[in-house]
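Below is the file entry-v4.txt, which contains compact mmCIF, C-alpha atoms.
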# COMPACT_ATOMS: atom_id res chain seq x y z
CA MET V 23 0.00 0.00 0.00
CA LEU V 24 2.88 2.38 0.75
CA GLN V 25 4.26 1.72 -2.71
CA VAL V 26 0.91 2.73 -4.21
CA TYR V 27 0.09 5.80 -2.12
CA GLY V 28 3.58 6.84 -1.10
CA SER V 29 5.24 7.74 2.18
CA PRO V 30 4.15 9.09 4.61
CA MET V 31 0.67 7.63 4.78
CA ARG V 32 -1.98 8.00 7.48
CA LEU V 33 -3.82 4.85 8.47
CA TRP V 34 -5.66 3.45 11.43
CA LEU V 35 -3.64 0.83 13.24
CA PHE V 36 -6.70 -0.84 14.75
CA HIS V 37 -8.06 1.92 17.03
CA ILE V 38 -4.83 3.94 16.86
CA PRO V 39 -4.22 6.68 14.25
CA ALA V 40 -0.77 5.99 12.85
CA ILE V 41 1.70 7.45 10.37
CA PHE V 42 3.29 4.83 8.10
CA VAL V 43 6.74 5.77 6.79
CA SER V 44 8.97 3.99 4.26
CA ASP V 45 11.24 6.70 2.83
CA PRO V 46 14.83 5.69 3.75
CA ASP V 47 15.83 9.23 4.76
CA ASP V 48 12.78 9.62 6.99
CA VAL V 49 13.23 6.18 8.55
CA GLN V 50 16.89 6.87 9.33
CA MET V 51 15.95 10.19 10.90
CA LEU V 52 13.24 8.60 13.03
CA LEU V 53 15.52 5.77 14.16
CA SER V 54 18.22 8.28 15.14
CA LYS V 55 15.74 10.08 17.43
CA ASN V 56 15.70 7.20 19.90
CA LEU V 57 11.92 7.41 20.21
CA GLU V 58 10.08 5.32 22.77
CA LYS V 59 8.70 2.04 21.48
CA HIS V 60 4.96 1.94 20.88
CA GLU V 61 2.68 0.83 23.70
CA THR V 62 1.77 -2.38 21.83
CA TYR V 63 5.27 -3.71 22.61
CA ARG V 64 3.89 -4.44 26.07
CA PHE V 65 2.12 -7.42 24.44
CA LEU V 66 5.53 -8.87 23.59
CA ALA V 67 6.69 -8.19 27.14
CA HIS V 68 4.35 -10.97 28.29
CA LEU V 69 6.73 -13.38 26.54
CA ILE V 70 10.21 -11.87 26.88
CA GLY V 71 9.73 -9.40 29.73
CA ASP V 72 11.39 -5.99 29.70
CA GLY V 73 14.70 -6.87 28.06
CA LEU V 74 16.51 -4.86 25.38
CA ILE V 75 13.73 -5.35 22.83
CA THR V 76 10.86 -4.05 24.95
CA ALA V 77 12.50 -1.90 27.65
CA ASP V 78 11.85 1.82 27.88
CA ASN V 79 14.71 4.12 26.82
CA TYR V 80 16.02 4.71 30.35
CA ARG V 81 16.39 1.00 31.17
CA TRP V 82 17.56 0.19 27.65
CA LYS V 83 20.48 2.64 27.82
CA ILE V 84 21.75 1.08 31.05
CA ASN V 85 21.44 -2.54 29.97
CA ARG V 86 22.78 -1.91 26.47
CA ARG V 87 26.03 -0.55 27.91
CA ILE V 88 26.34 -3.65 30.08
CA ILE V 89 25.71 -6.19 27.32
CA SER V 90 27.39 -4.59 24.28
CA PRO V 91 31.01 -5.62 25.04
CA ALA V 92 30.08 -9.29 24.86
CA PHE V 93 29.04 -8.86 21.22
CA ASN V 94 32.09 -7.14 19.74
CA LEU V 95 33.87 -8.97 16.92
CA ASN V 96 36.94 -9.93 18.96
CA THR V 97 34.78 -11.53 21.66
CA LEU V 98 32.71 -13.38 19.06
CA ALA V 99 35.71 -14.78 17.23
CA ASP V 100 37.81 -15.61 20.30
CA ASN V 101 35.11 -16.93 22.62
CA PHE V 102 32.11 -18.08 20.62
CA LEU V 103 33.38 -19.51 17.32
CA LYS V 104 34.47 -22.74 19.00
CA SER V 105 30.94 -23.23 20.35
CA PHE V 106 29.45 -22.43 16.93
CA ASN V 107 31.63 -25.10 15.34
CA ASN V 108 30.89 -27.73 17.99
CA GLN V 109 27.14 -27.29 17.60
CA ASN V 110 27.37 -27.30 13.80
CA GLU V 111 29.37 -30.53 13.75
CA LYS V 112 26.60 -32.13 15.82
CA LEU V 113 24.06 -30.84 13.30
CA VAL V 114 25.95 -32.37 10.38
CA ARG V 115 25.92 -35.76 12.13
CA LYS V 116 22.20 -35.54 12.91
CA LEU V 117 21.36 -34.80 9.28
CA LYS V 118 23.22 -37.84 7.92
CA LYS V 119 20.12 -40.01 8.29
CA HIS V 120 18.40 -37.91 5.62
CA CYS V 121 21.33 -37.92 3.22
CA ASP V 122 20.66 -39.34 -0.27
CA ASP V 123 17.28 -40.86 0.66
CA ASN V 124 15.52 -38.56 -1.86
CA LYS V 125 12.80 -37.71 0.64
CA LEU V 126 11.66 -34.21 1.55
CA PHE V 127 11.88 -33.22 5.21
CA ASP V 128 11.53 -29.98 7.14
CA ILE V 129 15.07 -28.93 7.99
CA SER V 130 13.92 -26.16 10.35
CA GLU V 131 13.37 -28.72 13.11
CA TYR V 132 17.13 -29.32 13.16
CA ILE V 133 18.12 -25.71 12.57
CA ASP V 134 15.90 -24.49 15.41
CA SER V 135 17.42 -26.96 17.84
CA THR V 136 20.99 -26.08 16.87
CA SER V 137 20.39 -22.33 17.03
CA PHE V 138 18.82 -22.68 20.44
CA SER V 139 21.67 -24.81 21.79
CA THR V 140 24.20 -22.36 20.36
CA ILE V 141 22.72 -19.26 21.98
CA CYS V 142 22.37 -21.09 25.30
CA GLU V 143 26.03 -22.14 25.24
CA THR V 144 27.55 -18.88 24.01
CA ALA V 145 25.36 -16.39 25.81
CA MET V 146 24.62 -18.38 28.96
CA ASP V 147 27.22 -21.17 29.16
CA TYR V 148 24.40 -23.70 29.35
CA LYS V 149 24.18 -27.04 27.55
CA ASP V 150 21.13 -29.22 27.05
CA ASP V 151 22.65 -32.24 25.37
CA GLU V 152 19.47 -34.30 25.62
CA GLU V 153 17.38 -31.43 24.14
CA ILE V 154 14.42 -32.44 26.33
CA GLU V 155 14.08 -28.98 27.84
CA PHE V 156 14.42 -27.46 24.37
CA LEU V 157 11.40 -29.35 23.04
CA GLU V 158 9.26 -28.25 25.97
CA PHE V 159 10.46 -24.66 25.68
CA LYS V 160 9.95 -24.59 21.90
CA ALA V 161 6.36 -25.83 22.16
CA ALA V 162 5.53 -23.24 24.81
CA LEU V 163 7.29 -20.49 22.85
CA ILE V 164 5.28 -21.17 19.67
CA LYS V 165 1.99 -21.17 21.54
CA ALA V 166 2.91 -17.98 23.38
CA ALA V 167 3.96 -16.25 20.14
CA ASP V 168 0.70 -17.25 18.45
CA LEU V 169 -1.24 -15.89 21.41
CA ILE V 170 0.59 -12.55 21.28
CA ALA V 171 -0.08 -12.25 17.55
CA GLU V 172 -3.75 -13.00 18.14
CA ARG V 173 -3.89 -10.30 20.79
CA PHE V 174 -2.29 -7.78 18.46
CA TYR V 175 -4.75 -8.43 15.63
CA LYS V 176 -7.92 -8.62 17.76
CA ILE V 177 -8.60 -5.22 19.21
CA TRP V 178 -10.85 -6.53 22.00
CA LEU V 179 -7.86 -8.41 23.41
CA HIS V 180 -5.84 -5.19 23.85
CA SER V 181 -7.45 -4.76 27.27
CA ASP V 182 -5.32 -6.45 29.95
CA PHE V 183 -8.45 -7.55 31.81
CA VAL V 184 -10.09 -9.08 28.72
CA PHE V 185 -6.86 -10.76 27.62
CA LYS V 186 -6.31 -12.31 31.03
CA LEU V 187 -9.88 -13.61 31.04
CA TYR V 188 -9.48 -14.93 27.48
CA THR V 189 -6.34 -16.92 28.32
CA ARG V 190 -8.19 -18.58 31.19
CA ILE V 191 -11.12 -19.48 28.95
CA ILE V 192 -8.91 -21.15 26.34
CA GLY V 193 -6.80 -22.91 28.98
CA MET V 194 -3.56 -20.99 28.32
CA SER V 195 -3.33 -18.79 31.40
CA ASN V 196 0.06 -20.26 32.31
CA ILE V 197 1.61 -20.42 28.83
CA PHE V 198 3.91 -17.44 29.38
CA GLU V 199 5.20 -18.93 32.63
CA LYS V 200 5.93 -22.18 30.77
CA ALA V 201 7.90 -20.22 28.17
CA LYS V 202 9.91 -18.56 30.96
CA ALA V 203 10.58 -21.79 32.85
CA LEU V 204 13.77 -22.67 30.97
CA PRO V 205 15.49 -19.27 31.38
CA LYS V 206 14.70 -19.42 35.07
CA THR V 207 16.27 -22.89 35.18
CA ILE V 208 19.38 -21.58 33.42
CA LEU V 209 19.53 -18.69 35.84
CA ARG V 210 19.26 -20.94 38.88
CA LYS V 211 21.90 -23.43 37.66
CA LYS V 212 24.28 -20.68 36.68
CA TYR V 213 23.89 -19.03 40.06
CA GLN V 214 24.56 -22.33 41.85
CA ASN V 215 27.65 -23.02 39.72
CA GLN V 216 29.02 -19.55 40.33
CA ARG V 217 28.63 -20.03 44.08
CA LEU V 218 30.40 -23.40 43.93
CA ASN V 219 33.25 -22.05 41.82
CA SER V 220 33.59 -18.66 43.49
CA ASN V 221 36.94 -19.56 45.04
CA THR V 222 38.39 -21.46 42.07
CA HIS V 223 40.06 -20.27 38.87
CA THR V 224 38.99 -22.14 35.75
CA LYS V 225 41.42 -22.27 32.87
CA ASP V 226 40.31 -22.01 29.27
CA GLU V 227 41.94 -21.82 25.87
CA THR V 228 42.25 -18.03 25.74
CA ASN V 229 45.60 -16.26 25.66
CA ASP V 230 45.40 -14.95 29.21
CA GLY V 231 44.29 -18.27 30.64
CA LYS V 232 40.98 -16.94 31.90
CA LYS V 233 37.66 -18.52 31.09
CA PRO V 234 35.77 -16.18 28.71
CA GLU V 235 32.70 -14.46 30.10
CA CYS V 236 29.32 -15.15 28.57
CA ILE V 237 26.51 -12.62 28.71
CA VAL V 238 24.98 -14.03 31.85
CA ASP V 239 28.35 -13.81 33.66
CA ILE V 240 28.39 -10.07 33.03
CA LEU V 241 24.79 -9.68 34.17
CA TYR V 242 25.38 -11.77 37.28
CA LYS V 243 28.16 -9.50 38.45
CA LEU V 244 25.70 -6.65 38.60
CA TYR V 245 23.05 -8.80 40.20
CA ASP V 246 25.43 -9.98 42.92
CA ASN V 247 26.63 -6.43 43.52
CA LYS V 248 23.06 -5.15 43.76
CA HIS V 249 23.66 -2.65 40.98
CA PHE V 250 21.09 -1.80 38.32
CA LEU V 251 19.65 -5.26 37.67
CA THR V 252 16.95 -6.93 39.72
CA GLU V 253 16.34 -10.68 39.53
CA LYS V 254 13.37 -10.03 37.22
CA GLU V 255 15.44 -7.83 34.91
CA LEU V 256 18.14 -10.48 34.77
CA THR V 257 15.59 -13.14 33.79
CA ASP V 258 14.06 -10.80 31.19
CA GLU V 259 17.41 -10.21 29.50
CA ILE V 260 18.10 -13.94 29.35
CA LEU V 261 14.70 -14.67 27.82
CA THR V 262 15.20 -11.86 25.31
CA LEU V 263 18.58 -13.30 24.31
CA ILE V 264 17.12 -16.77 23.81
CA PHE V 265 14.22 -15.53 21.71
CA ALA V 266 16.12 -12.99 19.62
CA GLY V 267 19.30 -15.05 19.37
CA SER V 268 17.79 -18.36 18.31
CA GLU V 269 14.47 -17.73 16.54
CA THR V 270 15.66 -15.06 14.13
CA THR V 271 18.93 -16.75 13.12
CA ALA V 272 17.20 -20.11 12.66
CA ILE V 273 14.62 -18.57 10.32
CA ALA V 274 17.31 -16.81 8.27
CA ILE V 275 19.33 -20.04 7.92
CA SER V 276 16.26 -22.08 6.95
CA PHE V 277 15.17 -19.56 4.32
CA THR V 278 18.69 -19.34 2.87
CA LEU V 279 18.91 -23.12 2.51
CA MET V 280 15.49 -23.17 0.82
CA MET V 281 16.57 -20.50 -1.66
CA LEU V 282 19.82 -22.29 -2.43
CA ALA V 283 17.91 -25.54 -2.93
CA MET V 284 15.63 -23.75 -5.40
CA ARG V 285 18.59 -22.16 -7.20
CA PRO V 286 21.16 -24.88 -8.01
CA ASP V 287 23.15 -22.38 -10.10
CA VAL V 288 23.64 -20.11 -7.08
CA GLN V 289 24.34 -23.07 -4.80
CA ALA V 290 27.03 -24.28 -7.22
CA LYS V 291 28.68 -20.86 -6.99
CA VAL V 292 28.63 -21.06 -3.20
CA HIS V 293 30.19 -24.55 -3.33
CA GLU V 294 32.87 -23.23 -5.67
CA GLU V 295 33.72 -20.44 -3.22
CA LEU V 296 33.84 -22.92 -0.32
CA ASP V 297 36.19 -25.17 -2.27
CA VAL V 298 38.51 -22.26 -3.04
CA VAL V 299 38.64 -21.07 0.57
CA PHE V 300 38.84 -24.45 2.31
CA GLY V 301 40.28 -26.76 -0.36
CA SER V 302 40.81 -30.23 1.07
CA ASN V 303 40.87 -28.84 4.62
CA LYS V 304 38.26 -30.65 6.77
CA ASN V 305 38.78 -28.56 9.90
CA PRO V 306 36.10 -26.26 11.29
CA PRO V 307 36.13 -22.75 9.80
CA THR V 308 38.28 -20.02 11.31
CA ALA V 309 37.27 -16.36 11.54
CA LYS V 310 39.70 -15.54 8.70
CA GLU V 311 38.20 -18.19 6.42
CA LEU V 312 34.65 -17.08 7.18
CA TYR V 313 35.58 -13.51 6.29
CA GLN V 314 36.63 -14.68 2.82
CA LEU V 315 33.17 -16.12 2.04
CA LYS V 316 31.92 -13.00 0.29
CA PHE V 317 29.37 -14.63 -2.01
CA LEU V 318 27.85 -16.67 0.80
CA GLU V 319 27.47 -13.40 2.70
CA GLN V 320 25.65 -11.95 -0.31
CA CYS V 321 23.23 -14.88 -0.17
CA ILE V 322 22.63 -14.33 3.55
CA LYS V 323 22.00 -10.61 3.14
CA GLU V 324 19.65 -11.19 0.24
CA THR V 325 17.65 -13.60 2.40
CA LEU V 326 17.48 -10.99 5.15
CA ARG V 327 16.20 -8.52 2.57
CA ARG V 328 13.69 -10.78 0.85
CA PHE V 329 12.35 -12.42 4.02
CA ILE V 330 12.51 -9.66 6.60
CA VAL V 331 11.94 -11.29 9.98
CA VAL V 332 10.64 -8.11 11.64
CA PRO V 333 8.86 -6.13 8.88
CA LEU V 334 7.50 -3.28 11.02
CA ILE V 335 9.04 -1.04 13.67
CA LEU V 336 6.60 0.84 15.90
CA ARG V 337 7.46 4.01 17.80
CA GLN V 338 5.62 6.89 19.42
CA THR V 339 6.66 10.52 19.64
CA ASP V 340 6.07 13.20 22.25
CA GLU V 341 7.25 15.99 19.95
CA ASP V 342 6.49 17.25 16.43
CA LEU V 343 8.81 15.69 13.84
CA LYS V 344 9.49 17.15 10.38
CA LEU V 345 9.92 14.72 7.49
CA LYS V 346 11.99 15.23 4.34
CA SER V 347 8.88 16.30 2.42
CA GLY V 348 8.22 19.04 4.94
CA GLU V 349 5.21 17.26 6.40
CA ILE V 350 4.92 17.18 10.18
CA ILE V 351 4.28 14.13 12.33
CA PRO V 352 2.41 15.63 15.30
CA ALA V 353 3.35 14.89 18.89
CA GLY V 354 1.46 11.94 20.33
CA SER V 355 1.39 10.05 17.02
CA ALA V 356 2.06 6.39 16.54
CA ILE V 357 4.76 5.86 13.90
CA VAL V 358 5.06 2.66 11.87
CA MET V 359 8.31 2.27 9.92
CA SER V 360 7.76 -0.30 7.19
CA ILE V 361 11.08 -2.11 6.72
CA GLY V 362 9.27 -4.63 4.53
CA SER V 363 8.25 -1.88 2.10
CA ILE V 364 11.82 -0.57 1.98
CA HIS V 365 13.25 -4.02 1.26
CA LEU V 366 10.67 -4.76 -1.43
CA ASN V 367 10.75 -1.42 -3.24
CA GLU V 368 11.24 -2.06 -6.95
CA ARG V 369 12.93 1.32 -7.43
CA THR V 370 15.71 0.14 -5.14
CA TYR V 371 15.72 -3.60 -5.84
CA PRO V 372 14.70 -4.64 -9.39
CA ASN V 373 12.26 -7.58 -9.26
CA PRO V 374 12.16 -7.27 -5.47
CA TYR V 375 10.18 -10.47 -4.88
CA THR V 376 12.85 -12.55 -6.62
CA TRP V 377 15.73 -13.78 -4.49
CA ASN V 378 18.91 -12.46 -6.12
CA PRO V 379 22.27 -12.43 -4.24
CA ASN V 380 23.69 -10.02 -6.82
CA ASN V 381 21.71 -7.31 -5.04
CA PHE V 382 24.56 -7.33 -2.54
CA ASP V 383 27.64 -7.29 -4.73
CA ASP V 384 29.92 -4.30 -4.16
CA ASP V 385 28.66 -2.30 -7.14
CA SER V 386 24.98 -2.69 -6.19
CA ILE V 387 25.60 -1.73 -2.56
CA ALA V 388 27.59 1.38 -3.58
CA LYS V 389 24.65 2.66 -5.64
CA ARG V 390 22.06 2.35 -2.86
CA HIS V 391 21.02 4.55 0.03
CA PRO V 392 22.38 3.02 3.29
CA GLY V 393 18.85 3.12 4.73
CA THR V 394 17.51 0.67 2.15
CA PHE V 395 18.76 -2.39 4.06
CA LEU V 396 17.72 -2.57 7.72
CA PRO V 397 17.40 -6.22 8.76
CA PHE V 398 18.52 -5.40 12.31
CA SER V 399 16.69 -2.07 12.61
CA GLY V 400 18.95 0.98 12.85
CA GLY V 401 19.94 3.98 14.89
CA SER V 402 20.88 3.72 18.54
CA ARG V 403 18.41 0.87 19.17
CA MET V 404 19.85 -1.29 16.42
CA CYS V 405 19.99 -4.95 17.43
CA VAL V 406 22.97 -5.40 19.76
CA GLY V 407 23.50 -8.94 18.49
CA ASN V 408 23.67 -8.23 14.75
CA LYS V 409 27.34 -9.27 14.43
CA TYR V 410 26.64 -12.38 16.50
CA ALA V 411 23.73 -13.26 14.21
CA LEU V 412 25.69 -12.83 10.97
CA LEU V 413 28.67 -14.82 12.24
CA SER V 414 26.42 -17.59 13.56
CA ILE V 415 24.46 -17.78 10.30
CA LYS V 416 27.56 -17.80 8.12
CA THR V 417 29.32 -20.41 10.27
CA GLN V 418 26.37 -22.79 10.20
CA LEU V 419 25.62 -22.38 6.49
CA SER V 420 29.26 -22.82 5.48
CA THR V 421 29.52 -26.01 7.55
CA LEU V 422 26.34 -27.48 6.09
CA LEU V 423 27.25 -26.56 2.51
CA ARG V 424 30.74 -28.00 2.82
CA ASN V 425 29.13 -31.35 3.59
CA TYR V 426 25.84 -31.37 1.68
CA ARG V 427 24.03 -30.30 -1.45
CA PHE V 428 20.39 -29.24 -1.06
CA THR V 429 17.48 -29.69 -3.46
CA THR V 430 13.73 -29.22 -3.30
CA THR V 431 10.60 -29.64 -5.40
CA SER V 432 9.28 -26.23 -4.34
CA CYS V 433 9.70 -22.88 -6.05
CA GLU V 434 9.77 -19.37 -4.62
CA GLU V 435 6.09 -18.80 -5.45
CA ASP V 436 5.14 -21.75 -3.21
CA ILE V 437 6.37 -20.02 -0.06
CA LYS V 438 3.57 -18.70 2.14
CA LEU V 439 4.55 -16.38 4.95
CA LYS V 440 3.11 -16.36 8.43
CA LEU V 441 3.38 -13.42 10.82
CA ASP V 442 3.09 -14.09 14.54
CA VAL V 443 5.67 -12.20 16.55
CA ILE V 444 8.08 -12.55 13.61
CA VAL V 445 7.77 -13.67 9.97
CA ARG V 446 8.35 -17.31 9.12
CA SER V 447 7.31 -19.82 6.44
CA ALA V 448 3.79 -21.12 6.98
CA ASN V 449 4.50 -24.37 5.13
CA GLY V 450 7.92 -25.19 6.55
CA TYR V 451 11.27 -25.56 4.79
CA ARG V 452 11.10 -28.89 2.97
CA ILE V 453 14.29 -29.98 1.25
CA MET V 454 16.27 -33.06 0.25
CA LEU V 455 19.86 -33.71 1.29
CA HIS V 456 22.71 -35.10 -0.85
CA SER V 457 26.30 -35.82 0.14
CA ARG V 458 29.06 -33.77 -1.48
CA HIS V 459 31.69 -36.40 -0.78

Using the file provided, produce a representation of the structure as C-alpha cells.
Amino acid sequence: MLQVYGSPMRLWLFHIPAIFVSDPDDVQMLLSKNLEKHETYRFLAHLIGDGLITADNYRWKINRRIISPAFNLNTLADNFLKSFNNQNEKLVRKLKKHCDDNKLFDISEYIDSTSFSTICETAMDYKDDEEIEFLEFKAALIKAADLIAERFYKIWLHSDFVFKLYTRIIGMSNIFEKAKALPKTILRKKYQNQRLNSNTHTKDETNDGKKPECIVDILYKLYDNKHFLTEKELTDEILTLIFAGSETTAIAISFTLMMLAMRPDVQAKVHEELDVVFGSNKNPPTAKELYQLKFLEQCIKETLRRFIVVPLILRQTDEDLKLKSGEIIPAGSAIVMSIGSIHLNERTYPNPYTWNPNNFDDDSIAKRHPGTFLPFSGGSRMCVGNKYALLSIKTQLSTLLRNYRFTTTSCEEDIKLKLDVIVRSANGYRIMLHSRH
C-alpha cells in the first residue's frame, strides 16, 4: 500500500491513528531520534519481559552498555566460534540419516534446535545435550507467540483484563510462565555453579588463561553487587537473548537453505567459493576463512532482505517531527516504519520479490542509500547482536554446505509467509539432502 500511495501515509492501526513511513531518509531520521517504542510492545513483554527489545529508553540505555562488550567482533571470534563449530558438527551428524534418501523433510526442526543450543552455550554457558528442555520450551514459545499475535490483531484483546480472562477461557493462562521456565532454570543453575566455583580459577583456551565471560556472567556481576539489575530484569534479558538469538537466526538459515535448494546455479557458486577457501581442509572454519566467504554473505543478506523477519518497527513521539517532504508528524502520534516496504521497493531492488544475491555485490551496494537495508533495525536501538547473528548464520551455512548439497521440489512462489511475533514460512522448509563427498 505504501508503494501505491507513497510515504508518509496516514492509516488506522486498529483503534490507533498511525503514520506509516517507508522513505529511507525519513526512517533513518526517526531511528536516530531514539523514540520510545509503541505501547503495543507491552504485548511482547508478556513473553520476553522488559529486556533490550521491549524496555523503555532509560532502562535500555543502562542494559545496552552492560551487554554490548560481549558482542564485539573480537569476543565473538575468540570466545564463541568454538561453540558455533561444535554445535554445527553435531548438526551435520544428525542430518546424515536424511542424506541421499531422496525424501523431503523440514530442515527447520534441526536448525531451530541447533540455534537454540548455540545461543544457550555462548550467551549463557548452558548445555542441554538431551534437548528435552528445548522441546518443551519450543512448544511453549510457539503457543505464546501465536497468542501474542492473536492479541495484536484482535482489538478486543488489547485490554489487559479481557486478555487475562481470554487466556483462562482457552486454557492458556500459564503459557507465558511455561515459556519462561527454561530461562529461570538456566539462571538458577548458573547461580549455583558460580557459588560453587567462586573460590576457584577455571582455565580455558584463551591467551590470558581466563575462562571467557558469557553474557549471563556479566549480568550476574551486577546482580550480585546489587547494581542496576533486579532478579526479574536479569531473567528478562536472558529470555530476550534466547528468543532474539535463536528464533531469528534459525529462520534466516532455513530460508537461505530453501533459496539455495531452489537455485542450483547459485548453490554451485557457493560450493565453488567454499572449495577455493577451504580446499581439502576438513577442519572447522576459522574467523579468517569465514571472512573470505563473500558470495555466501551476499546470499545471507539477500535472504534478510527478501524475508525480513521483523517487517514493522513501531514508535511513538512526544514531539512534532518534520519529514523530508516538509510534512509534520504531530506529537502523540504512533509511527510505523515499514522495513518490509523498503526491502521490497522495486525502485531500489529490481524484481524485489525474486531472491537475487547479486543485489549485494559491491557495485549494487555502492549505488544504494544506506537506509535501504535494515534487517537489524537501525539507529541507537539497532539490534545489539547483529554481528553475532551474521557470524552464527555464516558459520552454520558454510559447515552445512561444505558437507551437503540441497534440493527441493518447491519454487519461490510456493512459499507462504506467516506473521506471529516474527515472519516465518507457513509451510515449513522442505528440502532433500545429498552428500558432497

Would you kindly return, as JSON, numbers by chain, each protein, DNA or RNA residue with an atom no farther than 12 Å from any atom of Ala201 in chain V, considering all atoms listed in the file and excluding same-chain residues fewer than 3 positions away? {"V": [68, 69, 70, 71, 155, 156, 157, 158, 159, 160, 161, 162, 163, 164, 165, 166, 167, 194, 195, 196, 197, 198, 204, 205, 206, 207, 257, 258, 261, 262, 264, 265]}

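Distance check against Tyr63 in chain V using all atoms listed in the file: of V:Cys236, V:Ala77, V:Leu169, V:Ile330, the minimum falls on V:Ala77.
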
Once 8 Å is added on each side, what are the centre and the three edge lengths, in Å to one decimal, of the axis-aligned box enclosing the listed atoms of range 324-329 of chain V? Present them as AutoDock Vina command-line options.
--center_x 16.0 --center_y -11.1 --center_z 2.7 --size_x 23.3 --size_y 21.1 --size_z 20.9

Which of these residues is nearest to Ile357 in chain V, using all atoms listed in the file: V:Ser130, V:Thr370, V:Gln338, V:Thr252? V:Gln338

Using Å and a single decimal, report how far CA of Leu334 in chain V sits from CA of Glu61 in chain V.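 Separation between CA of Glu61 in chain V and CA of Leu334 in chain V: 14.2 Å.
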
Identify, on the basis of all atoms listed in the file, every residue whose closest approach to range 297-302 of chain V does not exceed 8 Å; exclude the query and any residue fewer than 3 positions from it along the same chain; express the result as a PyMOL selection string. chain V and resi 293-294+311+314-315+424

Can you work out the spacing between CA of Ser54 in chain V and CA of Met404 in chain V in Å, to one decimal? 9.8 Å

Go through range 273-375 of chain V residue by residue and, counting only C-alpha atoms, keep those with an atom at most 8 Å from range 131-138 of chain V; for each kept residue give the shortest atom pair and its distance in Å to one decimal, ordered by chain and increasing number, as a tab-separated table.
residue	atom	partner	partner_atom	distance
V:Ile273	CA	V:Asp134	CA	7.9
V:Ile275	CA	V:Ile133	CA	7.4
V:Ser276	CA	V:Ile133	CA	6.9

Near range 321-326 of chain V, counting all atoms listed in the file, which residues have an atom at most 9 Å away, once you skip same-chain residues fewer than 5 positions from it, shown as number ranges by chain? V: 274-275, 277-278, 281-282, 288, 292, 316, 331, 377-382, 395-397, 412, 415-416

Quick one: pull the distance between CA of Lys112 in chain V and CA of Asn303 in chain V, Å, one decimal.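 It comes out at 18.4 Å.
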
Around (8.9, -18.6, 6.8) in the file's own coordinates, what residues are found within 8 Å if you use all atoms listed in the file, given back as a PyMOL selection string? chain V and resi 273+277+329+437-440+445-451

Go through V:Thr421, V:Thr308, V:Arg390, V:Arg427 and flag the residue nearest Asp287 in chain V, using only C-alpha atoms for the distances.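 Of the candidates, the smallest distance to Asp287 in chain V is held by V:Arg427.
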
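Minimum atom-to-atom distance to Met146 in chain V, evaluated using only C-alpha atoms, belongs to V:Gly267 out of V:Gly73, V:Pro333, V:Gly267, V:Pro91.
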
Please list as a ChimeraX atom specification every residue within 9 Å of Gly407 in chain V, counting all atoms listed in the file and excluding residues in the same chain fewer than 5 positions away. /V:90,93-94,263,266-267,398,412

Store the residues of this selection in a file with C-alpha atoms, as a short mmCIF file (atom, residue, chain, number, x, y, z; two decimals), in the frame of the given file.
data_model
loop_
_atom_site.label_atom_id
_atom_site.label_comp_id
_atom_site.auth_asym_id
_atom_site.auth_seq_id
_atom_site.Cartn_x
_atom_site.Cartn_y
_atom_site.Cartn_z
CA SER V 90 27.39 -4.59 24.28
CA PHE V 93 29.04 -8.86 21.22
CA ASN V 94 32.09 -7.14 19.74
CA LEU V 263 18.58 -13.30 24.31
CA ALA V 266 16.12 -12.99 19.62
CA GLY V 267 19.30 -15.05 19.37
CA PHE V 398 18.52 -5.40 12.31
CA LEU V 412 25.69 -12.83 10.97
#

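The smallest atom-to-atom distance between Phe102 in chain V and any of V:Leu366, V:Lys83, V:Pro286, V:Cys142, using all atoms listed in the file, is found for V:Cys142.
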
From V:His391, V:Gln320, V:Ile141, V:Leu209, residue lying nearest Ala272 in chain V [only C-alpha atoms]: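 Counting only C-alpha atoms, the residue closest to Ala272 in chain V is V:Ile141.
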
Would you give me, as CSV, each residue of range 355-424 of chain V having an atom within 8 Å of an atom of range 33-48 of chain V, along with its shortest atom pair and that distance in Å to one decimal, using all atoms listed in the file and sorting by chain and residue number?
residue,atom,partner,partner_atom,distance
V:Ser355,CA,V:Ala40,CA,6.2
V:Ala356,CA,V:Ala40,CA,4.7
V:Ile357,CA,V:Ile41,CA,4.9
V:Val358,CA,V:Phe42,CA,4.7
V:Met359,CA,V:Val43,CA,5.0
V:Ser360,CA,V:Ser44,CA,5.3
V:Ile361,CA,V:Ser44,CA,6.9
V:Ser363,CA,V:Ser44,CA,6.3
V:Ile364,CA,V:Ser44,CA,5.8
V:His391,CA,V:Pro46,CA,7.3
V:Gly393,CA,V:Pro46,CA,4.9
V:Thr394,CA,V:Pro46,CA,5.9
